[in-house]
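> Submitted below is the structure of interest, expressed as structure tokens.
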Amino acid sequence: MFLQQLVNGLTIGGIYALIAVGYTMVYGVIQLINFAHGEIYMLGAFFAVTFIVGMGMPFYMAFFLAMLCGAVCGMLLDVIAYRPLRQSPRLACLITAIGMSIFLQNLAMLIWGSRPKPFPGNTLPAWFNKTWHLTHFSLTGFHLFIFAVTIIMMVGLHLLIKKTRFGKAMRAVAQNKTMASLAGVNVNKVITLTFAVAGAMGAAAGLMVGAFYNSLYPTMGYVAGVKAFAAAVLGGIGSIPGAMLGGIVLGVAEAMGAGYLSSLYRDGISYGVMIIVIVFIPAGFFGVLIKETKKSI
Amino acid sequence: MRGKGSLLGKGLIFGLALVFCMVTGVMAADTIRIGVAGPFTGDAAAYGDNIKAGVSLKLAEINAAGGINGKKVELVWGDDLCQPKEGGNVASKFANDKSIVAVIGHVCSSATLAGMPIYVRAKMPVISATSTNETIGKVGQGWFFRNCYTDDFQGRYLASYVVKDLLGLKKVAVFHENNDYAIGLKDSFMAGAKDSGLEVTGVEGFVKGTTDFTPQLTKLLRDKPETIFLCGYHLEGALIAGQARKLGFEGPLFGGDGIDNADYIKIGGEAANNTYLTVPFLADAAGPEGKKFAEDYLAANGREVDWMSANAYDCLGILADVIAKVGTDRQKIRDGLAAMNSAEAGFEGVTGLTYFNEVGDCSKPAFVKKVEGGKFVPAN
């Protein structure tokens, strides 16, 4: 059973990691917890279903288009809700983020109805259903797809951050906005593009979860968002490798907790693990403790 | 901003508002207002839809025939999202509205249990079409009635008849939701299983809103059960069915009344086949009135009738009957319902004969359905 729970855990963990990375990237550049990120995740799933069912697109095309829509939604979120508040106190942005989250949830309810929807099952590629029964666990093609997508996206993001000019610009903005703009970086553009990347990954996660667990509903972003945020904090908010690790650790802890300890308290167990880690490592795995210094304007 | 002028202005507005409320209250006295509480949005909205369809069908019939003693009936909807907190809010709203004379609801046992103390304090008679948890009768203190069976009966029936006789299996894994309905049903099933000599290989629980059941299912399937008890509502049941099949489980699944909903098949897809469930009403086994009701329902709603709609239809029928006899006083309605305590004084509806015992429970038989080829069919 251990290996099967590990498979379960890595699957959930990979999803949390994808969403957590979105939270952490946005926090890195503008020090804002984007509470509406869970809703981008939810919209990714709903857009994909609309493309597949409403327009008859094949799965992979719908997948890419949903990611594109997620990116656009992320950008719109920034341009409409957060950019006007760049110079305002952080609290204003936070409240706006919560407000956008509620707005998007209700928008989804209006457009798609509030009832849970199944993912159209027969539109998934056939190899998703192929099951390999190994000695101690079984694996389906879909598991492999989720692993593959997660790994590719993580590696892709890492390369983006470390090897491209845009990645360098992101890191510069995350370190110090004023200096970055003095060095010639278009800060607003970088921030909006960060939202785009975060949105695309969140939408991909949402689509995979919706298809894998076969259930889409407008409030699905909330629970996943909270857990992914916890994962991002666990890994050190602002650190992308931290978010990836945090997501995986949280997912595996959840699966192991549910499998070995008690299934009723599985959420409690995963948050409990997070609390214990934070108590001993306050900044999370890879986070950096920054002392509050008096800012001179 | 200060001064007598603004105080006068505020007083005037307040007075006008008060008069407006009183006038609308008086205007509404021409109709008989009955509250209907249930989940009309959220995960369990499919149940609310069925209740709405059932009572609406009866409402149309009553009003087409001129109403009750000449007064039209008006339904007031209260959305409780199948949650105790919202159940309490809806109960307060209904209880404080003096024009509402009775309540049909709630749907989910947890919400009903949360609302009952409020209804008891406000002396509001409540009749539920679907809440099966056996403790509600006591909490209701004479103000609660229901025309569905209780989980005490259903759990044992599932163990002794469905698993032992119908399916002929012995090893059961129980997977229940952590709410009043499912825990009550699970407890009575376990008692029944013990009496029937069944072996419960594992018991796992989940909380509302879970979509990933794979860790718990992995744990349950390790002990090789022959069947899994989907002890909860249709949405989670459908997801569990899908994930259990993905993990390689091929035996039959079974559940209680909560599984009976078209959405179970819609969301479960292929995995929903080979599921057995107990229900308080089965159109195929009903009398001629029941069969006619099933046809009317299909014509009006475009889907096959389910037990919740049938019970809700009868609930409104029972209330209409009682109100026609005793009028619109809440206490008199409660007394009228309590007076239906024997077969002679019972109500003959599409779901059969209904009469109540001293805690408001009624005894109704159970029927078994199963999912085959993507449809619900009778199981025997």
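Labeling convention for the structure tokens: chains A, B, ... as they appear, residues from 1 per chain, ligands from 1 in order of appearance.
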Taking the chain letters and numbering used in this document, name the residues of stretch 26-206 of chain A that DSSP puts in alpha helix (DSSP H), as a PyMOL selection string.
chain A and resi 26-30+37-49+55+59-77+90-112+141-163+165-175+177-182+187-206
> Please report as a Markdown table every residue of chain B lying within 7 Å of chain A, along with the nearest atom pair and their distance in Å (one decimal), using only C-alpha atoms.

```
| residue | atom | partner | partner_atom | distance |
| --- | --- | --- | --- | --- |
| B:Thr41 | CA | A:Ser114 | CA | 6.1 |
| B:Gly42 | CA | A:Ser114 | CA | 5.8 |
| B:Asp43 | CA | A:Arg115 | CA | 6.0 |
| B:Ala45 | CA | A:Arg115 | CA | 6.4 |
| B:Glu204 | CA | A:Ser263 | CA | 6.1 |
| B:Gly205 | CA | A:Leu264 | CA | 5.0 |
| B:Phe206 | CA | A:Leu264 | CA | 5.0 |
| B:Val207 | CA | A:Leu264 | CA | 6.4 |
| B:Thr211 | CA | A:Tyr213 | CA | 6.3 |
| B:Asp212 | CA | A:Tyr213 | CA | 6.4 |
| B:Thr214 | CA | A:Asn8 | CA | 6.6 |
| B:Pro215 | CA | A:Gly259 | CA | 5.2 |
| B:Gln216 | CA | A:Gly259 | CA | 5.6 |
| B:Thr218 | CA | A:Met1 | CA | 6.9 |
| B:Lys219 | CA | A:Gly259 | CA | 5.6 |
| B:Leu239 | CA | A:Asn214 | CA | 7.0 |
| B:Ile267 | CA | A:Pro118 | CA | 4.9 |
```
> Report the distance between atom CA of B:Val203 and atom CA of B:Ala238 in Å, rounded to one decimal place.
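These atoms are spaced 18.3 Å apart.
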> Can you list, as a short mmCIF file (atom, residue, chain, number, x, y, z; two decimals) with C-alpha atoms, in the first residue's frame, every protein, DNA or RNA residue that comes within 8 Å of stretch 280-287 of chain B when you count only C-alpha atoms, leaving out same-chain residues fewer than 6 positions away?

```
data_model
loop_
_atom_site.label_atom_id
_atom_site.label_comp_id
_atom_site.auth_asym_id
_atom_site.auth_seq_id
_atom_site.Cartn_x
_atom_site.Cartn_y
_atom_site.Cartn_z
CA CYS B 148 -39.82 8.86 4.62
CA TYR B 149 -38.38 5.95 6.57
CA ASP B 257 -31.35 6.85 -0.45
CA ALA B 294 -44.41 9.28 -12.61
CA VAL B 305 -39.07 10.56 -11.23
CA ASP B 306 -37.02 9.86 -8.12
CA TRP B 307 -38.13 9.21 -4.56
CA ALA B 310 -42.46 11.79 -4.92
CA ASN B 311 -42.15 12.36 -1.19
CA VAL B 350 -48.49 8.60 -4.60
CA THR B 351 -45.99 7.09 -2.19
CA GLY B 352 -48.61 5.00 -0.43
CA LYS B 364 -42.75 3.02 4.92
CA PRO B 365 -41.32 0.10 3.01
CA ALA B 366 -38.02 0.24 1.18
CA PHE B 367 -37.40 -0.69 -2.42
CA LYS B 369 -32.96 -0.07 -7.42
CA PRO B 378 -35.64 -2.10 -10.22
#
```
> Of the residues B:Gly140, B:Pro225, B:Gly192, B:Gly38, which is the one nearest to B:His106, using only C-alpha atoms?
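Ranked by minimum distance to B:His106, first place goes to B:Gly38.
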> At a cut-off of 6 Å, using only C-alpha atoms, what residues contact stretch 44-54 of chain A? Leave out same-chain residues fewer than 5 positions from it and give the result as a VMD selection string.
chain A and resid 62 66 70 203 206 to 207 210
> Which value, in Å to one decimal, gives the distance between atom CA of A:Met154 and atom CA of A:Met201?
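Distance reported for this atom pair: 9.6 Å.
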> Step one, run DSSP on the backbone; step two, keep only residues of stretch 66-220 of chain A assigned to strand (DSSP E); then write them as a list in words.
Thr131, Trp132, His133, Ser138, Leu139 and Thr140 of chain A
> For the residues in that selection, give me N, CA and C atoms as a PDB file, in the first residue's frame.

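Saved result, again01.pdb, follows:
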```
ATOM      1  N   THR A 131      -4.148   0.935 -17.730  1.00  0.00           N
ATOM      2  CA  THR A 131      -3.647   0.743 -16.376  1.00  0.00           C
ATOM      3  C   THR A 131      -2.544  -0.288 -16.371  1.00  0.00           C
ATOM      4  N   TRP A 132      -1.495   0.026 -15.634  1.00  0.00           N
ATOM      5  CA  TRP A 132      -0.427  -0.956 -15.449  1.00  0.00           C
ATOM      6  C   TRP A 132      -0.509  -1.451 -14.006  1.00  0.00           C
ATOM      7  N   HIS A 133      -0.752  -2.735 -13.833  1.00  0.00           N
ATOM      8  CA  HIS A 133      -0.824  -3.265 -12.469  1.00  0.00           C
ATOM      9  C   HIS A 133       0.515  -3.858 -12.110  1.00  0.00           C
ATOM     10  N   SER A 138      -0.805   0.252  -8.691  1.00  0.00           N
ATOM     11  CA  SER A 138      -1.202   0.346 -10.094  1.00  0.00           C
ATOM     12  C   SER A 138      -1.105   1.793 -10.544  1.00  0.00           C
ATOM     13  N   LEU A 139      -0.838   1.950 -11.807  1.00  0.00           N
ATOM     14  CA  LEU A 139      -0.588   3.268 -12.382  1.00  0.00           C
ATOM     15  C   LEU A 139      -1.415   3.388 -13.642  1.00  0.00           C
ATOM     16  N   THR A 140      -2.065   4.524 -13.833  1.00  0.00           N
ATOM     17  CA  THR A 140      -2.776   4.685 -15.094  1.00  0.00           C
ATOM     18  C   THR A 140      -2.016   5.667 -15.966  1.00  0.00           C
TER      19      THR A 140
END
```
> Could you name the residues that touch B:Phe347 at 10 Å or less, counting only C-alpha atoms, but leaving out those on the same chain fewer than 2 positions away, as a ChimeraX atom specification?
/B:314-315,317-318,321-322,340,342-345,349-356
> Residues as selected, N, CA and C atoms, written as an mmCIF file, in the first residue's frame, can you do that?

```cif
data_model
loop_
_atom_site.group_PDB
_atom_site.id
_atom_site.type_symbol
_atom_site.label_atom_id
_atom_site.label_comp_id
_atom_site.auth_asym_id
_atom_site.auth_seq_id
_atom_site.Cartn_x
_atom_site.Cartn_y
_atom_site.Cartn_z
ATOM 1 N N ASP B 314 -45.992 14.452 -2.021
ATOM 2 C CA ASP B 314 -46.927 14.021 -0.990
ATOM 3 C C ASP B 314 -46.899 14.936 0.224
ATOM 4 N N CYS B 315 -45.722 15.485 0.564
ATOM 5 C CA CYS B 315 -45.648 16.397 1.717
ATOM 6 C C CYS B 315 -46.580 17.567 1.523
ATOM 7 N N GLY B 317 -49.076 17.623 -0.414
ATOM 8 C CA GLY B 317 -50.436 17.081 -0.385
ATOM 9 C C GLY B 317 -50.949 16.934 1.034
ATOM 10 N N ILE B 318 -50.076 16.406 1.917
ATOM 11 C CA ILE B 318 -50.475 16.223 3.316
ATOM 12 C C ILE B 318 -50.790 17.574 3.955
ATOM 13 N N ASP B 321 -54.031 19.021 2.751
ATOM 14 C CA ASP B 321 -55.135 18.312 3.391
ATOM 15 C C ASP B 321 -55.405 18.864 4.786
ATOM 16 N N VAL B 322 -54.347 18.975 5.573
ATOM 17 C CA VAL B 322 -54.498 19.391 6.968
ATOM 18 C C VAL B 322 -54.949 20.840 7.039
ATOM 19 N N MET B 340 -52.905 12.540 12.580
ATOM 20 C CA MET B 340 -52.845 11.488 11.561
ATOM 21 C C MET B 340 -52.026 10.338 12.112
ATOM 22 N N SER B 342 -53.011 7.032 12.695
ATOM 23 C CA SER B 342 -53.408 5.645 12.477
ATOM 24 C C SER B 342 -53.698 5.462 10.999
ATOM 25 N N ALA B 343 -53.836 4.226 10.597
ATOM 26 C CA ALA B 343 -54.045 3.947 9.179
ATOM 27 C C ALA B 343 -55.313 4.624 8.661
ATOM 28 N N GLU B 344 -56.344 4.685 9.525
ATOM 29 C CA GLU B 344 -57.607 5.282 9.062
ATOM 30 C C GLU B 344 -57.446 6.777 8.855
ATOM 31 N N ALA B 345 -56.625 7.410 9.757
ATOM 32 C CA ALA B 345 -56.478 8.862 9.670
ATOM 33 C C ALA B 345 -55.327 9.246 8.754
ATOM 34 N N GLY B 349 -51.253 8.808 -0.632
ATOM 35 C CA GLY B 349 -50.669 9.621 -1.691
ATOM 36 C C GLY B 349 -49.980 8.758 -2.720
ATOM 37 N N VAL B 350 -49.158 9.376 -3.553
ATOM 38 C CA VAL B 350 -48.492 8.599 -4.604
ATOM 39 C C VAL B 350 -47.452 7.656 -4.021
ATOM 40 N N THR B 351 -46.991 7.967 -2.799
ATOM 41 C CA THR B 351 -45.993 7.086 -2.194
ATOM 42 C C THR B 351 -46.639 6.071 -1.275
ATOM 43 N N GLY B 352 -47.951 5.964 -1.296
ATOM 44 C CA GLY B 352 -48.611 5.003 -0.428
ATOM 45 C C GLY B 352 -49.275 5.697 0.743
ATOM 46 N N LEU B 353 -49.531 4.927 1.802
ATOM 47 C CA LEU B 353 -50.234 5.446 2.973
ATOM 48 C C LEU B 353 -49.215 6.026 3.963
ATOM 49 N N THR B 354 -49.478 7.249 4.421
ATOM 50 C CA THR B 354 -48.575 7.872 5.396
ATOM 51 C C THR B 354 -49.343 8.215 6.652
ATOM 52 N N TYR B 355 -48.842 7.764 7.789
ATOM 53 C CA TYR B 355 -49.349 8.274 9.065
ATOM 54 C C TYR B 355 -48.197 8.275 10.051
ATOM 55 N N PHE B 356 -48.310 9.084 11.093
ATOM 56 C CA PHE B 356 -47.157 9.361 11.946
ATOM 57 C C PHE B 356 -47.305 8.738 13.319
#
```
> Between atom CA of B:Leu319 and atom CA of B:Asp260, what is the distance in Å, rounded to a tenth?
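Atom-to-atom, atom CA of B:Leu319 to atom CA of B:Asp260, that is 24.8 Å.
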> Extract, using only C-alpha atoms, all DNA, RNA and protein residues at most 12 Å from A:Gly287, discarding same-chain residues fewer than 2 positions from it, and format them as a VMD selection string.
chain A and resid 24 28 232 to 243 245 to 246 278 281 to 285 289 to 290
> Could you save the residues just selected, with C-alpha atoms, as a short mmCIF file (atom, residue, chain, number, x, y, z; two decimals), in the first residue's frame?

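For reference, result_9.cif as written:
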```cif
data_model
loop_
_atom_site.label_atom_id
_atom_site.label_comp_id
_atom_site.auth_asym_id
_atom_site.auth_seq_id
_atom_site.Cartn_x
_atom_site.Cartn_y
_atom_site.Cartn_z
CA THR A 24 5.00 32.21 -4.91
CA GLY A 28 8.01 37.34 -5.25
CA ALA A 232 4.00 27.77 -0.92
CA VAL A 233 4.46 28.98 2.65
CA LEU A 234 5.87 25.61 3.63
CA GLY A 235 8.50 25.90 0.94
CA GLY A 236 9.27 29.49 1.72
CA ILE A 237 7.06 32.10 0.12
CA GLY A 238 8.86 33.77 -2.74
CA SER A 239 11.05 30.78 -3.51
CA ILE A 240 10.05 28.76 -6.57
CA PRO A 241 11.98 25.56 -5.78
CA GLY A 242 10.50 25.90 -2.31
CA ALA A 243 6.99 25.99 -3.68
CA LEU A 245 9.05 21.01 -2.82
CA GLY A 246 6.34 22.30 -0.51
CA ILE A 278 6.97 26.23 10.12
CA ILE A 281 11.86 26.45 10.17
CA PRO A 282 9.89 29.71 10.33
CA ALA A 283 10.69 30.85 6.83
CA GLY A 284 9.81 27.55 5.24
CA PHE A 285 12.25 25.23 3.48
CA LEU A 289 13.74 35.58 6.99
CA ILE A 290 13.65 39.32 6.38
#
```
> Can you tell me which residues surround A:Gly13 at a distance of at most 9 Å, considering only C-alpha atoms, apart from same-chain residues fewer than 6 positions away, and format the answer as a PyMOL selection string?
chain A and resi 244-254
> With the cut-off set at 10 Å and counting only C-alpha atoms, tabulate each residue of stretch 224-279 of chain B with an atom at most that distance from an atom of stretch 177-188 of chain B, showing the nearest atom pair and its distance in Å to one decimal, ordered by chain and increasing number, as a tab-separated table.

```
residue	atom	partner	partner_atom	distance
B:Phe229	CA	B:Lys186	CA	9.0
B:Leu230	CA	B:Glu177	CA	8.8
B:Cys231	CA	B:Ala182	CA	5.6
B:Gly232	CA	B:Ala182	CA	5.4
B:Tyr233	CA	B:Glu177	CA	8.0
B:Glu236	CA	B:Glu177	CA	8.5
B:Gly237	CA	B:Glu177	CA	9.7
B:Gly255	CA	B:Leu185	CA	9.9
B:Gly256	CA	B:Leu185	CA	8.2
B:Gly258	CA	B:Ala182	CA	9.1
```
> Check the smallest atom-to-atom distance from each of B:Asp152, B:Glu199, B:Glu86, B:Asp329 to B:Ala102 using only C-alpha atoms, then report the winner.
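Result for the nearest residue to B:Ala102: B:Asp329.
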> Nearest to A:Gly184: which of A:Met274, A:Ala204, A:Ala172, A:Ile151 is it, counting only C-alpha atoms?
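Ranking A:Met274, A:Ala204, A:Ala172, A:Ile151 by distance to A:Gly184, first place goes to A:Ala172.
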